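As stored in input_1.txt (compact mmCIF, C-alpha atoms):
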```
# COMPACT_ATOMS: atom_id res chain seq x y z
CA MET Z 1282 -70.66 -9.92 50.33
CA ALA Z 1283 -72.80 -12.42 48.43
CA GLN Z 1284 -71.65 -13.75 45.07
CA PRO Z 1285 -73.85 -12.85 42.06
CA LEU Z 1286 -75.71 -16.18 41.90
CA GLU Z 1287 -75.71 -17.02 45.58
CA GLY Z 1288 -79.11 -18.47 46.49
CA ILE Z 1289 -79.69 -19.91 43.00
CA ARG Z 1290 -79.85 -23.70 42.86
CA VAL Z 1291 -78.97 -25.52 39.64
CA LEU Z 1292 -79.49 -29.22 38.96
CA GLU Z 1293 -77.06 -30.54 36.36
CA LEU Z 1294 -77.80 -33.73 34.45
CA GLY Z 1295 -74.60 -33.33 32.49
CA ASN Z 1296 -72.00 -35.48 30.81
CA TYR Z 1297 -68.72 -34.67 29.05
CA ILE Z 1298 -68.37 -30.90 28.31
CA ALA Z 1299 -71.38 -28.84 27.16
CA GLY Z 1300 -73.62 -29.35 30.21
CA PRO Z 1301 -70.85 -29.54 32.84
CA PHE Z 1302 -69.01 -26.44 31.54
CA CYS Z 1303 -72.27 -24.46 31.74
CA GLY Z 1304 -72.84 -25.77 35.26
CA MET Z 1305 -69.29 -24.86 36.26
CA LEU Z 1306 -69.67 -21.27 35.05
CA LEU Z 1307 -72.85 -20.87 37.10
CA ALA Z 1308 -71.21 -22.51 40.11
CA ASP Z 1309 -68.21 -20.18 39.84
CA MET Z 1310 -70.60 -17.24 40.24
CA GLY Z 1311 -72.01 -18.69 43.44
CA ALA Z 1312 -74.87 -20.96 42.37
CA ASP Z 1313 -75.39 -24.18 44.30
CA VAL Z 1314 -74.89 -26.64 41.46
CA ILE Z 1315 -75.92 -30.21 42.27
CA LYS Z 1316 -74.55 -32.70 39.78
CA ILE Z 1317 -76.91 -35.66 39.44
CA GLU Z 1318 -74.91 -38.72 38.43
CA PRO Z 1319 -75.89 -42.32 37.72
CA PRO Z 1320 -74.40 -45.18 39.75
CA HIS Z 1321 -71.23 -47.08 38.80
CA ILE Z 1322 -69.34 -44.56 36.60
CA GLY Z 1323 -71.19 -41.26 36.82
CA ASP Z 1324 -70.21 -38.57 34.32
CA HIS Z 1325 -68.14 -40.43 31.71
CA THR Z 1326 -65.46 -37.74 31.91
CA ARG Z 1327 -64.51 -39.32 35.25
CA MET Z 1328 -62.78 -42.00 33.16
CA PHE Z 1329 -60.71 -39.58 31.05
CA PRO Z 1330 -56.92 -39.39 31.57
CA PRO Z 1331 -54.82 -38.11 33.13
CA ILE Z 1332 -55.94 -40.11 36.19
CA ILE Z 1333 -54.46 -39.09 39.54
CA ASN Z 1334 -55.14 -41.40 42.48
CA GLY Z 1335 -58.16 -42.77 40.65
CA GLU Z 1336 -59.64 -39.36 39.81
CA SER Z 1337 -59.71 -37.65 36.42
CA ALA Z 1338 -57.95 -34.30 36.09
CA CYS Z 1339 -60.20 -33.54 33.09
CA PHE Z 1340 -63.29 -34.09 35.22
CA ALA Z 1341 -61.83 -31.96 38.01
CA ASN Z 1342 -61.22 -29.13 35.53
CA LEU Z 1343 -64.89 -29.11 34.47
CA ASN Z 1344 -66.71 -29.70 37.73
CA ARG Z 1345 -65.33 -27.47 40.46
CA ASN Z 1346 -67.67 -25.74 42.90
CA LYS Z 1347 -70.34 -28.46 42.49
CA ARG Z 1348 -71.88 -31.08 44.71
CA SER Z 1349 -72.50 -34.63 43.49
CA ILE Z 1350 -75.41 -36.94 44.27
CA ILE Z 1351 -75.89 -40.45 42.90
CA LEU Z 1352 -79.41 -41.10 41.62
CA ASP Z 1353 -80.52 -43.96 39.40
CA LEU Z 1354 -83.23 -42.13 37.48
CA LYS Z 1355 -84.62 -45.41 36.14
CA ASN Z 1356 -85.43 -46.31 39.73
CA PRO Z 1357 -88.83 -44.92 40.88
CA GLU Z 1358 -87.52 -44.08 44.38
CA ASP Z 1359 -84.55 -42.12 43.03
CA ARG Z 1360 -86.76 -40.45 40.45
CA ALA Z 1361 -88.99 -39.29 43.30
CA VAL Z 1362 -85.91 -37.79 44.98
CA MET Z 1363 -85.12 -35.99 41.73
CA LEU Z 1364 -88.61 -34.47 41.69
CA GLU Z 1365 -88.17 -33.32 45.28
CA LEU Z 1366 -84.92 -31.65 44.27
CA VAL Z 1367 -86.64 -29.95 41.34
CA LYS Z 1368 -89.05 -28.26 43.77
CA THR Z 1369 -86.01 -26.61 45.41
CA ALA Z 1370 -84.26 -25.67 42.17
CA ASP Z 1371 -84.18 -22.60 39.95
CA VAL Z 1372 -82.47 -24.12 36.91
CA VAL Z 1373 -82.08 -27.56 35.35
CA ILE Z 1374 -79.27 -28.12 32.83
CA GLU Z 1375 -79.11 -31.29 30.78
CA ASN Z 1376 -77.21 -32.50 27.72
CA ASN Z 1377 -78.71 -35.93 27.15
CA ARG Z 1378 -79.99 -37.30 23.85
CA PRO Z 1379 -83.29 -35.55 23.07
CA GLY Z 1380 -86.21 -37.59 24.33
CA ALA Z 1381 -84.21 -39.59 26.89
CA LEU Z 1382 -85.43 -37.62 29.90
CA ASP Z 1383 -88.97 -37.36 28.52
CA LYS Z 1384 -89.18 -41.17 28.68
CA LEU Z 1385 -88.39 -40.95 32.40
CA GLY Z 1386 -90.95 -38.23 33.02
CA LEU Z 1387 -88.17 -35.70 33.55
CA GLY Z 1388 -88.46 -33.60 30.40
CA SER Z 1389 -89.03 -29.86 30.46
CA LYS Z 1390 -92.84 -30.12 30.33
CA ASP Z 1391 -92.87 -32.67 33.16
CA LEU Z 1392 -90.63 -30.69 35.46
CA MET Z 1393 -92.32 -27.36 34.78
CA VAL Z 1394 -95.53 -28.89 36.09
CA VAL Z 1395 -93.67 -29.65 39.33
CA LYS Z 1396 -92.00 -26.20 39.35
CA PRO Z 1397 -93.78 -23.70 37.01
CA ASP Z 1398 -91.06 -21.05 37.37
CA LEU Z 1399 -88.26 -23.49 36.51
CA VAL Z 1400 -85.60 -22.58 33.94
CA TYR Z 1401 -84.87 -25.73 31.91
CA VAL Z 1402 -81.85 -25.65 29.57
CA SER Z 1403 -81.22 -28.53 27.16
CA ALA Z 1404 -77.99 -28.80 25.15
CA SER Z 1405 -77.74 -31.41 22.39
CA GLY Z 1406 -76.19 -32.00 19.01
CA PHE Z 1407 -79.16 -31.11 16.80
CA GLY Z 1408 -81.90 -29.92 19.14
CA GLN Z 1409 -85.19 -31.07 20.58
CA THR Z 1410 -87.04 -30.89 17.25
CA GLY Z 1411 -86.31 -31.59 13.59
CA PRO Z 1412 -85.43 -34.70 11.60
CA TYR Z 1413 -81.96 -35.02 13.18
CA ARG Z 1414 -83.07 -34.66 16.82
CA ARG Z 1415 -82.22 -38.26 17.72
CA ARG Z 1416 -78.91 -38.38 15.84
CA ALA Z 1417 -75.81 -38.75 17.97
CA GLY Z 1418 -73.61 -35.67 17.99
CA VAL Z 1419 -70.22 -35.00 19.57
CA ASN Z 1420 -67.90 -32.02 19.28
CA PHE Z 1421 -65.91 -33.24 16.26
CA THR Z 1422 -68.91 -34.36 14.21
CA MET Z 1423 -70.78 -31.15 15.05
CA GLU Z 1424 -67.83 -29.08 13.80
CA ALA Z 1425 -67.97 -31.11 10.58
CA PHE Z 1426 -71.74 -30.70 10.19
CA ALA Z 1427 -71.76 -26.99 11.03
CA GLY Z 1428 -69.13 -26.05 8.46
CA SER Z 1429 -66.29 -24.97 10.72
CA LEU Z 1430 -64.00 -27.87 9.70
CA SER Z 1431 -64.44 -26.96 6.02
CA ILE Z 1432 -62.52 -23.70 6.55
CA CYS Z 1433 -59.70 -25.12 8.70
CA GLY Z 1434 -56.46 -26.20 7.06
CA GLU Z 1435 -54.51 -25.42 3.92
CA PRO Z 1436 -56.41 -24.73 0.69
CA ASP Z 1437 -55.20 -27.88 -1.08
CA GLY Z 1438 -55.18 -30.14 1.98
CA MET Z 1439 -57.58 -32.19 4.06
CA PRO Z 1440 -59.79 -30.15 6.41
CA MET Z 1441 -58.02 -29.76 9.76
CA ARG Z 1442 -59.80 -30.39 13.03
CA THR Z 1443 -59.72 -27.54 15.52
CA GLY Z 1444 -57.39 -27.92 18.47
CA ILE Z 1445 -59.96 -27.31 21.22
CA GLN Z 1446 -63.55 -28.44 21.74
CA THR Z 1447 -65.14 -25.46 20.01
CA ALA Z 1448 -68.67 -26.82 19.46
CA ASP Z 1449 -68.97 -28.02 23.06
CA ILE Z 1450 -67.60 -24.82 24.58
CA VAL Z 1451 -69.59 -22.42 22.38
CA ALA Z 1452 -72.77 -24.38 23.11
CA ALA Z 1453 -71.95 -24.27 26.83
CA LEU Z 1454 -71.61 -20.49 26.65
CA PHE Z 1455 -74.99 -20.19 24.90
CA ALA Z 1456 -76.48 -22.54 27.50
CA THR Z 1457 -75.12 -20.33 30.29
CA TYR Z 1458 -76.52 -17.25 28.52
CA SER Z 1459 -79.88 -19.05 28.33
CA ALA Z 1460 -79.85 -19.99 32.01
CA LEU Z 1461 -79.05 -16.43 33.09
CA SER Z 1462 -81.71 -14.99 30.76
CA GLY Z 1463 -84.23 -17.41 32.23
CA ILE Z 1464 -83.31 -16.49 35.79
CA ILE Z 1465 -83.80 -12.79 35.01
CA SER Z 1466 -87.17 -13.54 33.39
CA VAL Z 1467 -88.34 -15.45 36.46
CA LEU Z 1468 -87.22 -12.64 38.75
CA ARG Z 1469 -89.13 -10.09 36.67
CA ASN Z 1470 -92.14 -12.03 35.44
CA LYS Z 1471 -92.33 -15.12 37.67
CA LYS Z 1472 -92.50 -17.28 34.55
CA GLY Z 1473 -90.31 -20.23 33.77
CA HIS Z 1474 -88.82 -21.03 30.37
CA SER Z 1475 -87.31 -23.96 28.53
CA PHE Z 1476 -84.31 -23.37 26.27
CA ASP Z 1477 -83.16 -25.55 23.37
CA VAL Z 1478 -79.41 -25.07 22.69
CA THR Z 1479 -77.54 -27.08 20.05
CA LEU Z 1480 -73.88 -27.68 19.36
CA SER Z 1481 -74.55 -27.47 15.62
CA GLU Z 1482 -76.39 -24.14 15.65
CA SER Z 1483 -74.06 -22.62 18.24
CA THR Z 1484 -71.15 -23.44 15.94
CA ILE Z 1485 -72.95 -21.97 12.95
CA ALA Z 1486 -73.74 -18.81 14.94
CA ALA Z 1487 -70.07 -18.40 15.89
CA ALA Z 1488 -69.05 -18.30 12.20
CA VAL Z 1489 -69.79 -14.60 11.86
CA TRP Z 1490 -67.47 -13.83 8.91
CA GLU Z 1491 -68.18 -17.00 7.00
CA THR Z 1492 -71.98 -17.01 7.19
CA ALA Z 1493 -72.04 -13.29 6.30
CA GLU Z 1494 -69.95 -13.97 3.20
CA TYR Z 1495 -72.10 -16.82 1.96
CA LEU Z 1496 -75.48 -15.27 2.76
CA ALA Z 1497 -74.56 -11.92 1.20
CA THR Z 1498 -72.80 -13.18 -1.94
CA GLY Z 1499 -73.48 -16.88 -2.41
CA HIS Z 1500 -69.74 -17.47 -2.34
CA VAL Z 1501 -68.78 -20.51 -0.28
CA PRO Z 1502 -65.91 -19.69 2.12
CA GLN Z 1503 -62.84 -21.85 1.51
CA ARG Z 1504 -59.83 -22.94 3.55
CA LEU Z 1505 -57.23 -20.21 3.72
CA GLY Z 1506 -54.52 -21.81 5.84
CA HIS Z 1507 -53.15 -19.14 8.17
CA ARG Z 1508 -54.54 -16.22 6.18
CA HIS Z 1509 -57.40 -14.07 7.42
CA ARG Z 1510 -60.64 -14.01 5.50
CA VAL Z 1511 -60.76 -10.19 5.31
CA HIS Z 1512 -57.42 -8.68 6.36
CA THR Z 1513 -53.82 -8.88 5.25
CA PRO Z 1514 -51.21 -9.20 6.54
CA ALA Z 1515 -52.90 -11.04 9.41
CA GLN Z 1516 -51.44 -14.51 9.77
CA LEU Z 1517 -48.48 -16.59 10.97
CA PHE Z 1518 -44.91 -16.01 9.82
CA ARG Z 1519 -41.94 -18.27 10.41
CA THR Z 1520 -38.98 -16.69 12.23
CA ALA Z 1521 -35.22 -17.25 12.18
CA ASP Z 1522 -35.35 -19.58 15.19
CA ASP Z 1523 -38.00 -21.78 13.53
CA ARG Z 1524 -40.79 -20.46 15.67
CA PHE Z 1525 -43.89 -18.61 14.51
CA VAL Z 1526 -45.20 -15.12 15.10
CA ALA Z 1527 -48.83 -14.13 14.70
CA LEU Z 1528 -49.20 -10.53 13.58
CA SER Z 1529 -51.98 -8.35 12.27
CA ALA Z 1530 -51.04 -5.18 10.40
CA ALA Z 1531 -54.28 -4.77 8.49
CA THR Z 1532 -54.89 -1.05 8.97
CA ASP Z 1533 -53.03 1.45 6.81
CA ASP Z 1534 -51.25 2.88 9.85
CA HIS Z 1535 -50.03 -0.52 11.02
CA PHE Z 1536 -49.12 -1.63 7.52
CA PHE Z 1537 -46.84 1.31 6.79
CA LYS Z 1538 -45.25 1.04 10.24
CA LEU Z 1539 -44.50 -2.62 9.46
CA ALA Z 1540 -43.02 -1.64 6.09
CA LYS Z 1541 -40.66 0.80 7.81
CA LEU Z 1542 -39.67 -1.75 10.48
CA LEU Z 1543 -38.81 -4.35 7.82
CA GLY Z 1544 -36.99 -1.89 5.55
CA LEU Z 1545 -39.55 -2.41 2.79
CA GLU Z 1546 -40.86 1.13 2.47
CA ALA Z 1547 -39.94 1.43 -1.21
CA GLU Z 1548 -41.37 -1.95 -2.22
CA LEU Z 1549 -44.57 -1.62 -0.18
CA SER Z 1550 -45.33 1.90 -1.40
CA ALA Z 1551 -46.26 0.46 -4.83
CA PRO Z 1552 -49.86 1.10 -5.99
CA GLN Z 1553 -50.89 -2.56 -5.52
CA PHE Z 1554 -50.30 -2.16 -1.75
CA ALA Z 1555 -51.67 1.35 -1.29
CA THR Z 1556 -54.97 0.47 0.41
CA LYS Z 1557 -56.42 -2.33 2.46
CA VAL Z 1558 -58.63 -3.51 -0.39
CA VAL Z 1559 -55.89 -3.70 -3.01
CA ARG Z 1560 -53.49 -5.32 -0.55
CA LYS Z 1561 -55.94 -8.18 -0.10
CA ALA Z 1562 -56.32 -8.50 -3.87
CA ASN Z 1563 -52.52 -8.71 -4.21
CA GLU Z 1564 -51.90 -10.85 -1.12
CA ASP Z 1565 -49.60 -13.39 -2.76
CA ALA Z 1566 -47.22 -10.68 -3.99
CA LEU Z 1567 -47.35 -8.99 -0.59
CA LEU Z 1568 -46.45 -12.18 1.27
CA ASP Z 1569 -43.58 -12.85 -1.13
CA LEU Z 1570 -42.02 -9.67 0.25
CA LEU Z 1571 -42.98 -10.07 3.90
CA ASN Z 1572 -42.05 -13.71 4.51
CA PRO Z 1573 -38.28 -13.45 3.85
CA ALA Z 1574 -38.05 -10.10 5.66
CA ILE Z 1575 -39.69 -11.45 8.82
CA ARG Z 1576 -37.73 -14.71 8.58
CA LYS Z 1577 -34.56 -12.70 9.41
CA PHE Z 1578 -35.79 -12.00 12.97
CA LYS Z 1579 -35.91 -14.30 15.96
CA VAL Z 1580 -39.40 -14.53 17.36
CA GLU Z 1581 -38.71 -12.61 20.58
CA ASP Z 1582 -36.95 -9.84 18.62
CA ILE Z 1583 -39.75 -9.34 16.09
CA VAL Z 1584 -42.37 -9.39 18.85
CA ARG Z 1585 -40.45 -6.77 20.82
CA GLU Z 1586 -40.12 -4.54 17.74
CA LEU Z 1587 -43.76 -4.94 16.69
CA ASP Z 1588 -45.01 -4.36 20.21
CA ALA Z 1589 -42.98 -1.14 20.46
CA ILE Z 1590 -44.82 0.35 17.47
CA GLY Z 1591 -48.26 -0.89 18.52
CA ILE Z 1592 -48.81 -3.68 16.00
CA PRO Z 1593 -50.81 -6.61 17.47
CA CYS Z 1594 -48.58 -9.66 17.63
CA SER Z 1595 -47.61 -12.70 19.66
CA PRO Z 1596 -45.32 -15.67 19.45
CA VAL Z 1597 -47.21 -18.93 19.00
CA ASN Z 1598 -47.02 -20.29 22.53
CA ASP Z 1599 -47.54 -23.84 23.65
CA TYR Z 1600 -49.41 -24.39 26.92
CA ALA Z 1601 -46.24 -24.61 28.99
CA GLN Z 1602 -45.16 -21.23 27.62
CA VAL Z 1603 -48.49 -19.44 28.06
CA LEU Z 1604 -49.24 -20.82 31.53
CA ASN Z 1605 -45.79 -19.77 32.70
CA ASP Z 1606 -45.89 -16.37 31.01
CA PRO Z 1607 -45.16 -13.55 33.51
CA HIS Z 1608 -48.37 -11.69 32.61
CA ILE Z 1609 -50.48 -14.82 33.13
CA LYS Z 1610 -48.68 -15.50 36.40
CA GLU Z 1611 -49.23 -11.97 37.69
CA ARG Z 1612 -52.94 -12.23 36.84
CA GLY Z 1613 -53.16 -15.46 38.84
CA VAL Z 1614 -54.68 -17.48 36.02
CA VAL Z 1615 -53.35 -20.78 37.39
CA VAL Z 1616 -54.55 -21.54 40.90
CA GLU Z 1617 -53.94 -24.36 43.36
CA VAL Z 1618 -56.80 -26.55 44.56
CA ASP Z 1619 -56.72 -29.01 47.42
CA HIS Z 1620 -58.63 -32.09 46.21
CA PRO Z 1621 -59.59 -34.74 48.80
CA VAL Z 1622 -58.27 -37.60 46.64
CA MET Z 1623 -55.83 -36.12 44.11
CA GLY Z 1624 -54.18 -33.87 46.69
CA LYS Z 1625 -52.90 -30.42 45.71
CA THR Z 1626 -53.55 -29.81 42.03
CA LYS Z 1627 -53.40 -26.84 39.69
CA THR Z 1628 -56.18 -25.58 37.46
CA VAL Z 1629 -57.17 -22.52 35.42
CA ARG Z 1630 -59.42 -20.05 37.23
CA ASN Z 1631 -62.56 -18.51 35.82
CA PRO Z 1632 -61.47 -15.90 33.23
CA VAL Z 1633 -63.78 -13.23 34.68
CA LEU Z 1634 -62.47 -10.94 37.42
CA MET Z 1635 -64.81 -8.89 39.60
CA ASP Z 1636 -64.27 -5.93 41.86
CA SER Z 1637 -65.00 -8.07 44.94
CA ASP Z 1638 -66.11 -11.60 45.78
CA GLY Z 1639 -65.62 -12.66 42.19
CA PRO Z 1640 -65.60 -16.18 40.82
CA ALA Z 1641 -63.61 -18.37 43.18
CA ILE Z 1642 -62.97 -22.06 43.56
CA ARG Z 1643 -64.81 -22.59 46.82
CA ARG Z 1644 -64.68 -26.35 46.58
CA PRO Z 1645 -62.85 -28.86 44.36
CA ALA Z 1646 -64.70 -31.08 41.92
CA PRO Z 1647 -66.72 -33.65 43.86
CA THR Z 1648 -65.92 -37.32 44.01
CA HIS Z 1649 -68.65 -39.53 42.60
CA GLY Z 1650 -71.67 -39.15 44.88
CA GLN Z 1651 -69.66 -37.30 47.52
CA HIS Z 1652 -72.63 -35.22 48.68
CA THR Z 1653 -75.38 -37.82 48.35
CA SER Z 1654 -75.99 -38.13 52.09
CA GLU Z 1655 -75.72 -34.39 52.64
CA ILE Z 1656 -78.27 -33.55 49.95
CA LEU Z 1657 -80.69 -36.28 51.03
CA ARG Z 1658 -80.57 -34.94 54.58
CA GLU Z 1659 -81.37 -31.46 53.25
CA LEU Z 1660 -84.51 -32.97 51.72
CA GLY Z 1661 -85.38 -34.64 55.02
CA LYS Z 1662 -84.72 -38.10 53.58
CA ASP Z 1663 -83.30 -41.16 55.28
CA VAL Z 1664 -79.76 -41.88 54.16
CA PRO Z 1665 -79.30 -45.44 52.84
CA GLY Z 1666 -75.91 -46.94 53.54
CA THR Z 1667 -75.46 -48.28 50.01
CA LYS Z 1668 -75.24 -44.83 48.43
CA THR Z 1669 -71.68 -44.25 49.53
CA THR Z 1670 -70.20 -47.54 48.33
CA ALA Z 1671 -70.44 -46.92 44.57
CA PRO Z 1672 -67.87 -44.08 44.46
CA GLU Z 1673 -65.17 -46.19 46.08
CA LYS Z 1674 -65.83 -49.09 43.73
CA ALA Z 1675 -65.67 -46.76 40.72
CA ARG Z 1676 -62.46 -45.20 41.99
CA GLU Z 1677 -60.87 -48.63 42.35
CA ARG Z 1678 -61.81 -49.46 38.75
CA ARG Z 1679 -60.19 -46.23 37.55
CA ARG Z 1680 -57.03 -46.93 39.56
CA ALA Z 1681 -56.84 -50.38 37.93
```

Could you take the file, read its structure, and then write that structure out as structure tokens?
Amino acid sequence: MAQPLEGIRVLELGNYIAGPFCGMLLADMGADVIKIEPPHIGDHTRMFPPIINGESACFANLNRNKRSIILDLKNPEDRAVMLELVKTADVVIENNRPGALDKLGLGSKDLMVVKPDLVYVSASGFGQTGPYRRRAGVNFTMEAFAGSLSICGEPDGMPMRTGIQTADIVAALFATYSALSGIISVLRNKKGHSFDVTLSESTIAAAVWETAEYLATGHVPQRLGHRHRVHTPAQLFRTADDRFVALSAATDDHFFKLAKLLGLEAELSAPQFATKVVRKANEDALLDLLNPAIRKFKVEDIVRELDAIGIPCSPVNDYAQVLNDPHIKERGVVVEVDHPVMGKTKTVRNPVLMDSDGPAIRRPAPTHGQHTSEILRELGKDVPGTKTTAPEKARERRRA
């Protein structure tokens, strides 16, 4: 049975995370994603540690199921090859600085002349228009610009950076959504589209509670530490074994079940804790009662007790703990991949499961330019011998 995107060809002019993660998601669903990389280094993520046998594990985690071709797009001959590829493609994804590809004659308007029903998705820090369009933007600075760093951390402390690449990943998800919407439009209306996705606006869009609060009331959301902006109790609590439990007992039903579990029924039946609204207004007093009561439990004990009465909870796991959790193991979240250079490696599968022929790792991440000859032959081109030397030279530099 065919995978959902089998027969769709995607050209990825991607670097780092936003473009490549979008390309990977499409490739996981069966699209033929051709990663167009410059000579010498290629995608800069190829240089990121950990390096195994000269190949980056970070790159491998972002670029499975793709093919790689080396093209120097400043070279007229290679640019002509790119245009030939565009004629065979359904989607182009790129996350270069706005205007960079236009200078090469490879912007959305240029390529949609070559292929009118092309779907062209651009991801950038600030977008293709506006006064900031040419400003550099990376995940961390986009989180700062978009407001998300301002609400991370303790109220009286320095803003805390988020632990994962939120701006990049959220933008990649919106880019994937754009690509799929464009494909559907072409199938229905035979009309191509260009999409302008930004890390900054994607991050703003993801702040659903915070933007609602400000736009409705004019109140600027502040840092709350581990507290929730709307609910209480819904935060982290320290346990007897110096670990942390995340729990949310924000509904009346959950709250009074928690009170009974902790032996605080008398104290928490006071009027200032009677409803969700007044509990939030009296949060400091509430936490003064909850913190010492929860601190008496070891983390596994409190999680077992909370789980038994249906209160959402979890220990705060590190990545060793979560990736070795029995539930995660049974679901097959970590899979083994046989890479031609790194050997057998482990990675995290696509988080979507399907009834049949779902997302699968059909091929490991490509080495730099691994499929150059193969793709050129598909276009009916002669295969120059020099194309295959750059990957080995780059790999030697990474080993050094």

Need to verify the contact set: Thr1626 in chain Z, 10 Å, only C-alpha atoms, exclusion of same-chain residues closer than 2 positions in sequence. Can you return it as a list in words?
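What passes the distance filter is Ile1333, Ala1338, Ala1341, Val1616, Glu1617, Val1618, Asp1619, His1620, Met1623, Gly1624, Thr1628 and Pro1645 of chain Z.
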
Serialized selection, C-alpha atoms, as a PDB file, in the frame of the given file:
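Once everything was written out, this is again-v2.pdb:
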```pdb
ATOM      1  CA  ILE Z1333     -54.460 -39.090  39.540  1.00  0.00           C
ATOM      2  CA  ALA Z1338     -57.950 -34.300  36.090  1.00  0.00           C
ATOM      3  CA  ALA Z1341     -61.830 -31.960  38.010  1.00  0.00           C
ATOM      4  CA  VAL Z1616     -54.550 -21.540  40.900  1.00  0.00           C
ATOM      5  CA  GLU Z1617     -53.940 -24.360  43.360  1.00  0.00           C
ATOM      6  CA  VAL Z1618     -56.800 -26.550  44.560  1.00  0.00           C
ATOM      7  CA  ASP Z1619     -56.720 -29.010  47.420  1.00  0.00           C
ATOM      8  CA  HIS Z1620     -58.630 -32.090  46.210  1.00  0.00           C
ATOM      9  CA  MET Z1623     -55.830 -36.120  44.110  1.00  0.00           C
ATOM     10  CA  GLY Z1624     -54.180 -33.870  46.690  1.00  0.00           C
ATOM     11  CA  THR Z1628     -56.180 -25.580  37.460  1.00  0.00           C
ATOM     12  CA  PRO Z1645     -62.850 -28.860  44.360  1.00  0.00           C
TER      13      PRO Z1645
END
```

Show which residues sit within 10 Å of Phe1537 in chain Z, as an mmCIF file with C-alpha atoms, in the coordinates of the input. Count only C-alpha atoms, and ignore same-chain residues fewer than 5 positions away.
```cif
data_model
loop_
_atom_site.group_PDB
_atom_site.id
_atom_site.type_symbol
_atom_site.label_atom_id
_atom_site.label_comp_id
_atom_site.auth_asym_id
_atom_site.auth_seq_id
_atom_site.Cartn_x
_atom_site.Cartn_y
_atom_site.Cartn_z
ATOM 1 C CA ALA Z 1530 -51.040 -5.180 10.400
ATOM 2 C CA ALA Z 1531 -54.280 -4.770 8.490
ATOM 3 C CA THR Z 1532 -54.890 -1.050 8.970
ATOM 4 C CA LEU Z 1542 -39.670 -1.750 10.480
ATOM 5 C CA LEU Z 1543 -38.810 -4.350 7.820
ATOM 6 C CA LEU Z 1545 -39.550 -2.410 2.790
ATOM 7 C CA GLU Z 1546 -40.860 1.130 2.470
ATOM 8 C CA LEU Z 1549 -44.570 -1.620 -0.180
ATOM 9 C CA SER Z 1550 -45.330 1.900 -1.400
ATOM 10 C CA PHE Z 1554 -50.300 -2.160 -1.750
ATOM 11 C CA ALA Z 1555 -51.670 1.350 -1.290
#
```

Using all atoms listed in the file, which residues sit within 7 Å of Asp1449 in chain Z once same-chain residues fewer than 4 positions away are excluded, as a VMD selection string?
chain Z and resid 1298 to 1299 1420 1453 1480

Check: Closest to Ser1403 in chain Z among Z:Leu1352, Z:Lys1390, Z:Pro1621, Z:Asp1477, using all atoms listed in the file?
Finding: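 Comparing Z:Leu1352, Z:Lys1390, Z:Pro1621, Z:Asp1477 against Ser1403 in chain Z, the winner is Z:Asp1477.
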
Suppose you want the space between CA of Met1439 in chain Z and CA of Pro1596 in chain Z; what is it in Å?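 Between CA of Met1439 in chain Z and CA of Pro1596 in chain Z the gap is 25.7 Å.
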
Across Z:Pro1319, Z:Asn1377, Z:Asp1313, Z:Asp1371, the smallest distance to Lys1355 in chain Z, with all atoms listed in the file counted, is shown by Z:Pro1319

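Considering the residues Z:Gly1388, Z:Phe1407, Z:Lys1471, Z:Ala1646 and counting only C-alpha atoms, Lys1316 in chain Z has its shortest atom-to-atom contact with Z:Ala1646.
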
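Between CA of Arg1612 in chain Z and CA of Tyr1600 in chain Z lies a distance of 16.1 Å.
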
Open item on the list: Using Å and a single decimal, report how far CA of His1474 in chain Z sits from CA of Pro1397 in chain Z.
Closed with: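 Interatomic distance here is 8.7 Å.
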
Spatial neighbours of range 1568-1576 of chain Z, 6 Å, all atoms listed in the file, chain gap at least 4 places, as a list in words |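 Within the cut-off, the hits are Arg1519, Thr1520 and Ala1521 of chain Z.
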
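Excluding Ala1404 in chain Z itself and same-chain residues fewer than 5 positions from it, the residues having an atom within 7 Å of it are Ala1299, Gly1300, Glu1375, Asn1376, Ala1456, Asp1477, Val1478 and Thr1479 of chain Z, counting only C-alpha atoms.
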
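Of the residues under consideration (Z:Gly1323, Z:Ala1487, Z:Glu1435, Z:Leu1294), Z:Glu1435 shows the shortest atom-to-atom contact distance to Arg1508 in chain Z when counting all atoms listed in the file.
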
Counting only C-alpha atoms, closest pick from Z:Asp1522, Z:Asp1599, Z:Glu1564, Z:Asp1533 relative to Asp1582 in chain Z is Z:Asp1522

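Selecting by distance to (-64.7, -15.6, 4.9) with a limit of 12 Å and using all atoms listed in the file, one obtains Gly1428, Ser1429, Ser1431, Ile1432, Cys1433, Ala1488, Val1489, Trp1490, Glu1491, Thr1492, Ala1493, Glu1494, Tyr1495, Leu1496, Ala1497, Thr1498, Gly1499, His1500, Val1501, Pro1502, Gln1503, Arg1504, Leu1505, Gly1506, Arg1508, His1509, Arg1510, Val1511 and His1512 of chain Z.
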